[in-house]
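What follows is the content of final-v2.cif (mmCIF, C-alpha atoms).
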```cif
data_start
loop_
_atom_site.label_atom_id
_atom_site.label_comp_id
_atom_site.auth_asym_id
_atom_site.auth_seq_id
_atom_site.Cartn_x
_atom_site.Cartn_y
_atom_site.Cartn_z
CA MET M 276 98.83 114.83 71.12
CA PRO M 277 97.26 114.52 74.57
CA LEU M 278 95.39 111.31 75.37
CA ASP M 279 91.66 111.44 74.70
CA GLN M 280 90.08 112.14 78.09
CA SER M 281 86.82 110.58 76.95
CA PHE M 282 88.47 107.18 77.62
CA THR M 283 87.98 107.84 81.34
CA GLY M 284 85.56 105.27 82.68
CA ARG M 285 86.27 102.72 79.95
CA THR M 286 86.30 99.11 81.15
CA TYR M 287 87.99 96.32 79.19
CA PRO M 288 86.77 92.71 78.83
CA PRO M 289 87.77 90.27 81.60
CA THR M 290 90.92 88.21 81.07
CA GLU M 291 90.94 84.42 80.95
CA PRO M 292 91.27 83.00 84.49
CA TYR M 293 94.89 82.98 85.76
CA GLN M 294 95.81 79.89 87.78
CA VAL M 295 98.02 80.94 90.71
CA GLY M 296 100.69 78.25 90.93
CA ARG M 297 102.55 77.17 94.06
CA GLU M 298 105.87 77.17 92.21
CA LYS M 299 105.14 80.62 90.72
CA ILE M 300 104.60 82.03 94.21
CA ARG M 301 107.85 80.41 95.37
CA GLU M 302 109.68 81.75 92.30
CA PHE M 303 108.35 85.28 92.84
CA ALA M 304 109.14 85.20 96.57
CA THR M 305 112.67 83.98 95.83
CA ALA M 306 113.11 86.74 93.24
CA ILE M 307 112.32 89.43 95.81
CA GLY M 308 114.50 87.70 98.41
CA ALA M 309 111.59 86.80 100.68
CA GLN M 310 112.25 83.58 102.56
CA ASP M 311 109.15 83.63 104.77
CA ALA M 312 107.75 80.14 105.36
CA LEU M 313 104.20 81.20 104.39
CA TYR M 314 105.43 81.90 100.84
CA HIS M 315 107.37 78.64 100.46
CA ASP M 316 106.32 75.94 102.90
CA LEU M 317 102.96 74.25 102.33
CA GLU M 318 102.86 72.84 105.85
CA ALA M 319 103.55 76.23 107.43
CA ALA M 320 100.85 77.86 105.29
CA GLN M 321 98.31 75.18 106.19
CA LYS M 322 99.22 75.47 109.85
CA ALA M 323 98.41 79.19 109.57
CA GLY M 324 94.97 78.31 108.17
CA TYR M 325 95.60 78.62 104.43
CA ARG M 326 94.81 76.04 101.78
CA ASP M 327 98.23 76.51 100.18
CA VAL M 328 101.23 78.85 100.15
CA VAL M 329 100.49 82.59 100.31
CA ALA M 330 101.59 85.15 97.70
CA PRO M 331 103.73 88.19 98.70
CA PRO M 332 101.90 91.57 98.67
CA THR M 333 103.10 92.73 95.24
CA PHE M 334 102.56 89.35 93.49
CA PRO M 335 99.38 90.54 91.68
CA ILE M 336 101.52 92.83 89.50
CA ILE M 337 102.11 89.72 87.36
CA LEU M 338 98.41 89.64 86.48
CA SER M 339 97.69 93.37 86.42
CA PHE M 340 100.77 94.16 84.32
CA ALA M 341 99.76 91.55 81.73
CA ALA M 342 96.14 92.75 81.75
CA MET M 343 97.23 96.38 81.28
CA GLU M 344 98.42 95.38 77.80
CA GLN M 345 94.80 95.83 76.75
CA ILE M 346 95.02 99.51 77.66
CA VAL M 347 98.53 100.43 76.56
CA THR M 348 98.10 98.69 73.20
CA ASP M 349 94.55 99.94 72.59
CA PRO M 350 94.97 101.48 69.11
CA GLU M 351 92.10 103.89 69.73
CA LEU M 352 93.77 105.27 72.86
CA GLY M 353 97.13 105.41 71.07
CA MET M 354 99.57 105.51 74.00
CA ASP M 355 103.28 105.79 73.18
CA TYR M 356 104.53 103.12 75.58
CA THR M 357 108.17 104.10 75.03
CA ARG M 358 107.38 107.36 76.86
CA VAL M 359 105.57 105.75 79.80
CA VAL M 360 106.91 106.09 83.35
CA HIS M 361 105.48 104.20 86.31
CA GLY M 362 104.10 106.85 88.68
CA ASP M 363 102.16 105.23 91.51
CA GLN M 364 101.20 101.70 92.43
CA ARG M 365 98.81 100.36 95.02
CA PHE M 366 97.38 96.98 96.07
CA SER M 367 94.28 96.83 98.29
CA TYR M 368 93.39 93.37 99.55
CA ARG M 369 90.15 91.71 100.60
CA ARG M 370 92.11 88.56 101.41
CA PRO M 371 95.56 87.13 100.64
CA ILE M 372 96.10 85.28 97.36
CA VAL M 373 96.96 81.60 97.81
CA ALA M 374 98.20 78.97 95.38
CA GLY M 375 95.32 77.31 93.59
CA ASP M 376 93.35 80.54 93.28
CA GLU M 377 91.92 81.28 89.88
CA LEU M 378 91.76 85.01 89.20
CA VAL M 379 90.07 87.02 86.49
CA VAL M 380 91.24 90.59 85.84
CA VAL M 381 88.98 93.43 84.75
CA SER M 382 90.93 96.55 83.81
CA SER M 383 89.50 100.05 83.70
CA ILE M 384 90.68 103.57 83.05
CA ASP M 385 89.70 105.63 86.08
CA ASP M 386 91.20 108.95 85.09
CA ILE M 387 93.11 110.75 82.37
CA THR M 388 94.50 114.20 82.97
CA HIS M 389 96.89 116.37 81.01
CA ARG M 390 99.11 118.87 82.74
CA GLY M 391 102.55 120.33 82.32
CA GLY M 392 102.80 118.74 78.89
CA HIS M 393 102.39 115.21 80.25
CA ASP M 394 99.48 112.77 80.37
CA PHE M 395 98.54 111.10 83.66
CA LEU M 396 96.60 107.87 83.32
CA THR M 397 95.08 106.03 86.28
CA THR M 398 94.27 102.39 85.64
CA ARG M 399 92.48 100.01 87.97
CA ALA M 400 92.56 96.22 87.82
CA GLU M 401 89.97 94.30 89.82
CA LEU M 402 91.16 90.76 90.54
CA ALA M 403 88.34 88.38 91.43
CA THR M 404 87.60 84.68 91.34
CA PRO M 405 85.60 83.41 88.35
CA ALA M 406 82.64 83.16 90.77
CA GLY M 407 82.96 86.90 91.37
CA GLU M 408 84.59 87.01 94.82
CA PRO M 409 86.71 90.21 94.87
CA VAL M 410 90.28 89.52 96.04
CA VAL M 411 92.50 92.53 95.36
CA THR M 412 92.25 95.93 93.68
CA VAL M 413 95.36 97.09 91.85
CA VAL M 414 95.66 100.78 90.98
CA CYS M 415 98.47 101.93 88.71
CA LYS M 416 99.19 105.51 87.71
CA LEU M 417 101.22 105.99 84.57
CA VAL M 418 102.84 109.15 83.30
CA VAL M 419 103.18 109.53 79.53
CA ARG M 420 105.94 112.07 79.08
CA GLY M 421 105.22 114.76 76.55
CA HIS M 422 107.57 115.69 73.72
CA GLY M 423 108.08 119.27 74.88
CA GLU M 424 111.05 118.57 77.19
CA MET P 78 100.94 86.47 115.03
CA SER P 79 102.44 89.93 115.38
CA GLU P 80 105.55 90.03 117.48
CA MET P 81 104.95 93.52 118.85
CA ALA P 82 102.17 95.95 119.54
CA PHE P 83 102.64 99.16 117.57
CA GLU P 84 101.97 102.68 118.82
CA LYS P 85 101.33 105.89 116.93
CA GLY P 86 104.55 107.80 116.33
CA GLN P 87 106.74 104.75 116.84
CA GLN P 88 109.92 104.67 114.72
CA LEU P 89 110.83 101.38 113.11
CA PRO P 90 114.45 100.25 112.87
CA LEU P 91 116.40 100.58 109.63
CA GLN P 92 116.31 97.65 107.21
CA THR P 93 118.80 97.49 104.36
CA PHE P 94 118.44 95.42 101.20
CA ARG P 95 121.21 94.84 98.68
CA VAL P 96 120.21 94.96 95.01
CA THR P 97 122.43 93.54 92.24
CA ARG P 98 122.03 93.10 88.49
CA ALA P 99 121.42 89.39 89.09
CA ASP P 100 118.45 90.31 91.32
CA LEU P 101 116.97 92.40 88.50
CA VAL P 102 117.35 89.60 85.97
CA ARG P 103 115.70 87.15 88.37
CA TYR P 104 112.90 89.64 89.08
CA ALA P 105 112.35 90.25 85.35
CA GLY P 106 111.85 86.54 84.82
CA ALA P 107 109.60 86.04 87.84
CA SER P 108 107.42 89.09 87.19
CA GLY P 109 107.31 89.07 83.38
CA ASP P 110 108.57 92.66 83.16
CA PHE P 111 111.38 92.42 80.60
CA ASN P 112 111.77 96.14 79.92
CA PRO P 113 115.45 96.35 78.84
CA ILE P 114 116.12 99.46 80.96
CA HIS P 115 116.33 96.93 83.83
CA TRP P 116 119.07 94.78 82.27
CA SER P 117 120.62 96.55 79.25
CA GLU P 118 123.08 99.38 79.96
CA ARG P 119 122.92 100.37 76.28
CA THR P 120 119.15 100.76 76.34
CA ALA P 121 119.07 102.51 79.72
CA VAL P 122 121.70 105.08 78.73
CA GLY P 123 120.00 105.48 75.35
CA VAL P 124 116.80 106.72 77.00
CA GLY P 125 118.68 109.15 79.23
CA LEU P 126 119.01 107.11 82.41
CA PRO P 127 122.30 107.02 84.35
CA GLY P 128 122.45 103.27 83.66
CA VAL P 129 120.44 100.13 84.39
CA ILE P 130 117.81 100.86 87.04
CA ALA P 131 115.83 98.56 89.31
CA HIS P 132 112.20 97.84 88.48
CA GLY P 133 110.06 100.20 90.53
CA MET P 134 108.09 97.09 91.43
CA TYR P 135 111.26 95.48 92.79
CA THR P 136 111.75 98.43 95.16
CA MET P 137 108.07 98.17 96.10
CA ALA P 138 108.48 94.45 96.80
CA LEU P 139 111.34 95.33 99.15
CA ALA P 140 109.02 97.81 100.90
CA GLY P 141 106.65 94.90 101.42
CA ARG P 142 109.48 92.82 102.84
CA ALA P 143 110.47 95.64 105.18
CA VAL P 144 106.95 95.85 106.59
CA THR P 145 106.41 92.10 106.91
CA GLY P 146 109.80 92.03 108.61
CA TRP P 147 108.83 94.68 111.16
CA VAL P 148 105.46 93.04 111.77
CA GLY P 149 106.87 89.52 111.89
CA SER P 150 104.06 88.19 109.72
CA ALA P 151 104.28 87.53 105.96
CA ASP P 152 100.52 87.77 105.36
CA ALA P 153 99.76 90.93 107.34
CA VAL P 154 99.63 93.47 104.49
CA LEU P 155 96.11 94.67 103.64
CA ASP P 156 97.06 97.71 101.61
CA ILE P 157 100.35 98.88 100.12
CA GLY P 158 100.82 101.97 97.97
CA VAL P 159 103.83 103.96 96.79
CA ARG P 160 104.83 106.74 94.42
CA PHE P 161 108.03 106.20 92.45
CA THR P 162 109.98 109.46 92.66
CA ARG P 163 113.53 108.58 91.64
CA PRO P 164 115.15 105.60 89.93
CA VAL P 165 117.41 103.14 91.76
CA PRO P 166 120.54 102.78 89.60
CA VAL P 167 122.16 99.36 89.96
CA PRO P 168 125.83 99.28 88.90
CA ASP P 169 127.29 96.17 87.29
CA THR P 170 129.37 95.22 90.34
CA ASP P 171 129.26 92.38 92.85
CA GLU P 172 128.03 94.85 95.47
CA GLY P 173 125.32 96.48 93.32
CA THR P 174 123.55 99.04 95.46
CA GLU P 175 121.52 99.23 98.66
CA VAL P 176 118.00 100.42 99.41
CA GLU P 177 117.29 101.43 103.00
CA PHE P 178 113.88 101.51 104.66
CA THR P 179 112.65 103.16 107.81
CA ALA P 180 109.10 103.88 108.90
CA VAL P 181 106.99 105.63 111.45
CA ILE P 182 103.60 104.43 112.67
CA LYS P 183 101.10 106.99 111.40
CA SER P 184 98.07 105.53 113.14
CA VAL P 185 96.65 102.54 114.97
CA SER P 186 92.89 102.15 114.58
CA GLU P 187 90.48 100.75 117.15
CA ASP P 188 90.19 97.56 115.12
CA ASP P 189 94.00 97.16 115.13
CA LEU P 190 94.76 98.41 111.63
CA VAL P 191 98.28 99.81 111.75
CA THR P 192 99.39 102.36 109.12
CA PHE P 193 103.11 102.63 108.35
CA ASP P 194 104.62 105.66 106.59
CA LEU P 195 107.78 104.41 104.93
CA THR P 196 110.92 106.19 103.83
CA ALA P 197 113.01 104.46 101.17
CA THR P 198 116.42 105.80 100.22
CA CYS P 199 119.19 104.81 97.86
CA ALA P 200 122.56 106.59 98.11
CA GLY P 201 120.92 109.15 100.40
CA GLU P 202 118.11 110.03 97.96
CA LYS P 203 114.45 109.27 98.55
CA VAL P 204 113.25 106.83 95.90
CA LEU P 205 109.62 106.52 97.07
CA ALA P 206 107.05 109.05 98.26
CA GLN P 207 103.66 108.55 99.86
CA ALA P 208 104.77 105.04 100.71
CA ARG P 209 102.03 103.80 102.99
CA VAL P 210 101.26 100.29 104.17
CA VAL P 211 98.31 99.14 106.26
CA VAL P 212 98.56 95.90 108.21
CA LYS P 213 96.21 94.07 110.52
CA GLN P 214 97.77 93.72 113.93
CA ILE P 215 96.76 90.40 115.43
#
```
Could you express the structure from this file as structure tokens?
Amino acid sequence: MPLDQSFTGRTYPPTEPYQVGREKIREFATAIGAQDALYHDLEAAQKAGYRDVVAPPTFPIILSFAAMEQIVTDPELGMDYTRVVHGDQRFSYRRPIVAGDELVVVSSIDDITHRGGHDFLTTRAELATPAGEPVVTVVCKLVVRGHGE
Amino acid sequence: MSEMAFEKGQQLPLQTFRVTRADLVRYAGASGDFNPIHWSERTAVGVGLPGVIAHGMYTMALAGRAVTGWVGSADAVLDIGVRFTRPVPVPDTDEGTEVEFTAVIKSVSEDDLVTFDLTATCAGEKVLAQARVVVKQI
């Protein structure tokens, strides 16, 4: 059954603040093979004007992926996650994330369309400080493959 | 901080990244994405894939590395977006596979925002579409 398009525009409650750790940034950077000093070396980051080490561009997926659980497990929406394919992904920054940041995620459903037997779901995660400073917008488009293949 | 000034139409040199099963396991742990299609051959084949495939987000992270590499600045990316068009199969060998990136400069704005249009290929097939990255040229 196609996803209920009336869920478009739905916004989910904010997550608990996520504490961006220096070692988590280093671990993520190492996992993607990025050896840049800004991601690893506190002194280099501070010399470049940052309070602490800087996160690589796709780091916020850790937060947005976890926050998207609210959507994909929403029993009212009823997504079959075993049929979900990652379609598009985008990160739009106001400023880089640095270790020590606390970030709250607010997830929304921006669009649901149904075509060719598949559902297309656009989710948006706004990452901001607890004080409300916007930091990065994460948009993720998911395809829920239909059963008619 | 940028090592070069970019011009519209400029072609960026090829960058190649090797991807092995060990990389996928490490990425699963670091990112929290433990979907078994990225580490279990049995599961991947069971859902109709050719075998274990890389996380799309791993390929996207490599796109970020390619751009920060061309720019020479790890914190330059303001906007990065991709469409995942084809999986990146990663065989269980020491060599794994390779993902290759090239790019062309689509535009340079008056306030020095540089837009890269990326091409990512694995075994000659495009694995990303609409791969666009905006950086601030300093």
Next item on the list: Provide the atom CA of Thr283 of chain M to atom CA of Val210 of chain P distance in Å, to one decimal place.
Entry: 27.5 Å
Next item on the list: May I have the residues at most 9 Å from (109.0, 77.2, 97.8) in the file's coordinates, counting only C-alpha atoms, as a list in words?
Entry: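 I get Arg297, Glu298, Lys299, Ile300, Arg301, Glu302, Ala304, Thr305, Gln310, Ala312, Tyr314, His315, Asp316, Leu317 and Val328 of chain M for the residues within 9 Å of that point.
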Using the selection just defined, write its residues with C-alpha atoms as a short mmCIF file (atom, residue, chain, number, x, y, z; two decimals), in the coordinates of the input.
```cif
data_model
loop_
_atom_site.label_atom_id
_atom_site.label_comp_id
_atom_site.auth_asym_id
_atom_site.auth_seq_id
_atom_site.Cartn_x
_atom_site.Cartn_y
_atom_site.Cartn_z
CA ARG M 297 102.55 77.17 94.06
CA GLU M 298 105.87 77.17 92.21
CA LYS M 299 105.14 80.62 90.72
CA ILE M 300 104.60 82.03 94.21
CA ARG M 301 107.85 80.41 95.37
CA GLU M 302 109.68 81.75 92.30
CA ALA M 304 109.14 85.20 96.57
CA THR M 305 112.67 83.98 95.83
CA GLN M 310 112.25 83.58 102.56
CA ALA M 312 107.75 80.14 105.36
CA TYR M 314 105.43 81.90 100.84
CA HIS M 315 107.37 78.64 100.46
CA ASP M 316 106.32 75.94 102.90
CA LEU M 317 102.96 74.25 102.33
CA VAL M 328 101.23 78.85 100.15
#
```
Check: Quick one: of M:Pro277, M:Gly421, M:Gly296, M:Pro371, who's nearest to Tyr325 of chain M, counting all atoms listed in the file?
Finding: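 For Tyr325 of chain M, the nearest of the given residues is M:Pro371.
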Margin query: Could you work out which residues of chain P fall inside 7 Å of chain M? Count all atoms listed in the file, and format the result as a list in words.
Written below: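 Only these qualify: Asp100, Arg103, Tyr104, Ala107, Ser108, Gly109, Tyr135, Ala138, Leu139, Gly141, Arg142, Ala151, Asp152, Val154, Leu155, Asp156, Ile157, Gly158, Val159, Arg160 and Phe161 of chain P.
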Item checked: Exercise: segment 288-295 of chain M partners within 7 Å, all atoms listed in the file, chain neighbours under 6 positions left out, as a ChimeraX atom specification -> /M:342,374-381,405
Notebook entry, point to check: What does the distance from atom CA of Ala143 of chain P to atom CA of Val373 of chain M come to in Å, to one decimal?
Noted result: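 These two atoms are separated by 20.8 Å.
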Residue by residue, what does the PyMOL selection byres ((chain M and resi 279) around 12) grab here? Present the result as a PDB file with C-alpha atoms, keeping the file's coordinate frame.
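What landed in part-v9.pdb:
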```pdb
ATOM      1  CA  MET M 276      98.830 114.830  71.120  1.00  0.00           C
ATOM      2  CA  PRO M 277      97.260 114.520  74.570  1.00  0.00           C
ATOM      3  CA  LEU M 278      95.390 111.310  75.370  1.00  0.00           C
ATOM      4  CA  GLN M 280      90.080 112.140  78.090  1.00  0.00           C
ATOM      5  CA  SER M 281      86.820 110.580  76.950  1.00  0.00           C
ATOM      6  CA  PHE M 282      88.470 107.180  77.620  1.00  0.00           C
ATOM      7  CA  THR M 283      87.980 107.840  81.340  1.00  0.00           C
ATOM      8  CA  GLY M 284      85.560 105.270  82.680  1.00  0.00           C
ATOM      9  CA  ARG M 285      86.270 102.720  79.950  1.00  0.00           C
ATOM     10  CA  PRO M 350      94.970 101.480  69.110  1.00  0.00           C
ATOM     11  CA  GLU M 351      92.100 103.890  69.730  1.00  0.00           C
ATOM     12  CA  LEU M 352      93.770 105.270  72.860  1.00  0.00           C
ATOM     13  CA  GLY M 353      97.130 105.410  71.070  1.00  0.00           C
ATOM     14  CA  MET M 354      99.570 105.510  74.000  1.00  0.00           C
ATOM     15  CA  ILE M 384      90.680 103.570  83.050  1.00  0.00           C
ATOM     16  CA  ASP M 386      91.200 108.950  85.090  1.00  0.00           C
ATOM     17  CA  ILE M 387      93.110 110.750  82.370  1.00  0.00           C
ATOM     18  CA  THR M 388      94.500 114.200  82.970  1.00  0.00           C
ATOM     19  CA  HIS M 389      96.890 116.370  81.010  1.00  0.00           C
ATOM     20  CA  ASP M 394      99.480 112.770  80.370  1.00  0.00           C
ATOM     21  CA  PHE M 395      98.540 111.100  83.660  1.00  0.00           C
ATOM     22  CA  LEU M 396      96.600 107.870  83.320  1.00  0.00           C
TER      23      LEU M 396
END
```
Item checked: Atom pair atom CA of Leu205 of chain P / atom CA of Met137 of chain P: separation (Å) ->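 Atom CA of Met137 of chain P lies 8.5 Å from atom CA of Leu205 of chain P.
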Margin query: Counting all atoms listed in the file, which residues sit no farther than 12 Å from the position (96.0, 103.6, 114.9) in the file's frame? I'd like them as a ChimeraX atom specification.
Written below: /P:82-87,181-193,211-214
Would you mind exporting C-alpha atoms of the selected residues as a PDB file, in the coordinates of the input?
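File result14.pdb, as written:
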```
ATOM      1  CA  ALA P  82     102.170  95.950 119.540  1.00  0.00           C
ATOM      2  CA  PHE P  83     102.640  99.160 117.570  1.00  0.00           C
ATOM      3  CA  GLU P  84     101.970 102.680 118.820  1.00  0.00           C
ATOM      4  CA  LYS P  85     101.330 105.890 116.930  1.00  0.00           C
ATOM      5  CA  GLY P  86     104.550 107.800 116.330  1.00  0.00           C
ATOM      6  CA  GLN P  87     106.740 104.750 116.840  1.00  0.00           C
ATOM      7  CA  VAL P 181     106.990 105.630 111.450  1.00  0.00           C
ATOM      8  CA  ILE P 182     103.600 104.430 112.670  1.00  0.00           C
ATOM      9  CA  LYS P 183     101.100 106.990 111.400  1.00  0.00           C
ATOM     10  CA  SER P 184      98.070 105.530 113.140  1.00  0.00           C
ATOM     11  CA  VAL P 185      96.650 102.540 114.970  1.00  0.00           C
ATOM     12  CA  SER P 186      92.890 102.150 114.580  1.00  0.00           C
ATOM     13  CA  GLU P 187      90.480 100.750 117.150  1.00  0.00           C
ATOM     14  CA  ASP P 188      90.190  97.560 115.120  1.00  0.00           C
ATOM     15  CA  ASP P 189      94.000  97.160 115.130  1.00  0.00           C
ATOM     16  CA  LEU P 190      94.760  98.410 111.630  1.00  0.00           C
ATOM     17  CA  VAL P 191      98.280  99.810 111.750  1.00  0.00           C
ATOM     18  CA  THR P 192      99.390 102.360 109.120  1.00  0.00           C
ATOM     19  CA  PHE P 193     103.110 102.630 108.350  1.00  0.00           C
ATOM     20  CA  VAL P 211      98.310  99.140 106.260  1.00  0.00           C
ATOM     21  CA  VAL P 212      98.560  95.900 108.210  1.00  0.00           C
ATOM     22  CA  LYS P 213      96.210  94.070 110.520  1.00  0.00           C
ATOM     23  CA  GLN P 214      97.770  93.720 113.930  1.00  0.00           C
TER      24      GLN P 214
END
```
